[in-house]
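*Asks:* One structure, as structure tokens, below. Some questions next.
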Amino acid sequence: MQAGDLIGFGAAFLTTASFVPQAWLTFRTRDVSGISLGMYSAFTLGVALWLLYGLSLGAWPVVVANAITLALAVSILVMKLRFGRAPGA
């Protein structure tokens, strides 16, 4: 494995791992009140595009990190859509 790949996997691990505690808290509490629907929609689309970019280049650190982050982001976005409505709305 080349040094660039090792750096990429290290960066991918750290950025994806840093996202997990917030995702876990959101799954556990279902509290999405602090999440902006617009921002999270843009973030999720951006992660999907990074995944496609990584696939087009065959850049596995980019693919792995963004596949995991996309799964978490989509899950949280679905929770925001499902549980984020105001009572009585």
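Chain identifiers are assigned as A, B, and so on, following the order in which chains appear in the structure tokens; residues are numbered from 1 within each chain, and ligands are numbered from 1 in order of appearance.
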I'd like the neighbourhood of A:Ser75 as a VMD selection string, where a residue qualifies if any of its atoms comes within 12 Å (using only C-alpha atoms), though same-chain residues fewer than 4 positions away should be ignored.
*Replies:* chain A and resid 20 23 to 24 26 to 27 30 32 40 to 41 44 68 to 71 79 to 83
*Asks:* Which residues are near A:Ala42? Cut-off 12 Å, only C-alpha atoms, ignore same chain within fewer than 4 positions. Put them as a list in words.
*Replies:* Ser36, Leu37, Gly38, Gly46, Val47, Ala48, Leu49, Leu70, Ala73, Val74 and Leu77 of chain A
*Asks:* Output as number ranges by chain all residues of chain A that backbone DSSP marks as alpha helix (DSSP H).
*Replies:* A: 3-29, 37-57, 60-83
*Asks:* Given the selection you just returned, output its residues as a file containing C-alpha atoms, formatted as an mmCIF file, in the first residue's frame.
*Replies:*
data_model
loop_
_atom_site.group_PDB
_atom_site.id
_atom_site.type_symbol
_atom_site.label_atom_id
_atom_site.label_comp_id
_atom_site.auth_asym_id
_atom_site.auth_seq_id
_atom_site.Cartn_x
_atom_site.Cartn_y
_atom_site.Cartn_z
ATOM 1 C CA ALA A 3 1.854 6.261 1.547
ATOM 2 C CA GLY A 4 -0.913 8.297 -0.089
ATOM 3 C CA ASP A 5 -3.388 5.480 0.465
ATOM 4 C CA LEU A 6 -2.350 5.185 4.110
ATOM 5 C CA ILE A 7 -2.861 8.916 4.596
ATOM 6 C CA GLY A 8 -6.236 8.662 2.842
ATOM 7 C CA PHE A 9 -7.395 5.765 4.985
ATOM 8 C CA GLY A 10 -6.210 7.563 8.130
ATOM 9 C CA ALA A 11 -8.120 10.702 7.162
ATOM 10 C CA ALA A 12 -11.162 8.638 6.177
ATOM 11 C CA PHE A 13 -11.125 6.784 9.482
ATOM 12 C CA LEU A 14 -10.821 9.939 11.576
ATOM 13 C CA THR A 15 -13.510 11.940 9.769
ATOM 14 C CA THR A 16 -15.953 9.038 9.663
ATOM 15 C CA ALA A 17 -15.270 7.985 13.258
ATOM 16 C CA SER A 18 -15.786 11.564 14.461
ATOM 17 C CA PHE A 19 -19.283 11.471 12.944
ATOM 18 C CA VAL A 20 -20.333 8.268 14.740
ATOM 19 C CA PRO A 21 -20.909 9.641 18.296
ATOM 20 C CA GLN A 22 -23.319 12.312 17.039
ATOM 21 C CA ALA A 23 -25.124 9.789 14.862
ATOM 22 C CA TRP A 24 -25.373 7.346 17.788
ATOM 23 C CA LEU A 25 -26.773 10.057 20.079
ATOM 24 C CA THR A 26 -29.358 10.990 17.461
ATOM 25 C CA PHE A 27 -30.383 7.341 16.960
ATOM 26 C CA ARG A 28 -30.629 6.774 20.707
ATOM 27 C CA THR A 29 -32.572 9.916 21.629
ATOM 28 C CA LEU A 37 -33.118 20.061 7.349
ATOM 29 C CA GLY A 38 -31.611 22.241 4.618
ATOM 30 C CA MET A 39 -28.051 21.858 5.864
ATOM 31 C CA TYR A 40 -28.376 18.125 6.405
ATOM 32 C CA SER A 41 -29.937 17.623 2.980
ATOM 33 C CA ALA A 42 -27.030 19.483 1.355
ATOM 34 C CA PHE A 43 -24.516 17.560 3.489
ATOM 35 C CA THR A 44 -26.039 14.199 2.520
ATOM 36 C CA LEU A 45 -26.036 15.109 -1.175
ATOM 37 C CA GLY A 46 -22.426 16.263 -0.874
ATOM 38 C CA VAL A 47 -21.386 12.970 0.724
ATOM 39 C CA ALA A 48 -23.176 11.062 -2.056
ATOM 40 C CA LEU A 49 -21.278 13.097 -4.651
ATOM 41 C CA TRP A 50 -17.960 12.435 -2.872
ATOM 42 C CA LEU A 51 -18.817 8.735 -2.967
ATOM 43 C CA LEU A 52 -19.475 8.888 -6.718
ATOM 44 C CA TYR A 53 -16.249 10.844 -7.200
ATOM 45 C CA GLY A 54 -14.274 8.250 -5.253
ATOM 46 C CA LEU A 55 -15.841 5.449 -7.274
ATOM 47 C CA SER A 56 -14.997 7.199 -10.555
ATOM 48 C CA LEU A 57 -11.351 7.471 -9.498
ATOM 49 C CA TRP A 60 -10.911 3.393 -2.011
ATOM 50 C CA PRO A 61 -10.257 5.581 1.051
ATOM 51 C CA VAL A 62 -12.757 8.096 -0.344
ATOM 52 C CA VAL A 63 -15.244 5.361 -1.268
ATOM 53 C CA VAL A 64 -15.149 3.558 2.087
ATOM 54 C CA ALA A 65 -15.373 6.704 4.209
ATOM 55 C CA ASN A 66 -18.188 8.222 2.206
ATOM 56 C CA ALA A 67 -20.172 4.988 1.932
ATOM 57 C CA ILE A 68 -20.214 4.694 5.728
ATOM 58 C CA THR A 69 -20.900 8.398 6.257
ATOM 59 C CA LEU A 70 -23.657 8.341 3.629
ATOM 60 C CA ALA A 71 -25.414 5.463 5.399
ATOM 61 C CA LEU A 72 -25.297 7.371 8.688
ATOM 62 C CA ALA A 73 -26.315 10.680 7.106
ATOM 63 C CA VAL A 74 -29.273 9.170 5.255
ATOM 64 C CA SER A 75 -30.424 7.504 8.476
ATOM 65 C CA ILE A 76 -30.289 10.792 10.363
ATOM 66 C CA LEU A 77 -31.986 12.651 7.501
ATOM 67 C CA VAL A 78 -34.820 10.097 7.532
ATOM 68 C CA MET A 79 -35.134 10.574 11.294
ATOM 69 C CA LYS A 80 -35.252 14.353 10.810
ATOM 70 C CA LEU A 81 -38.059 13.952 8.290
ATOM 71 C CA ARG A 82 -39.921 11.466 10.474
ATOM 72 C CA PHE A 83 -39.437 12.897 13.973
#
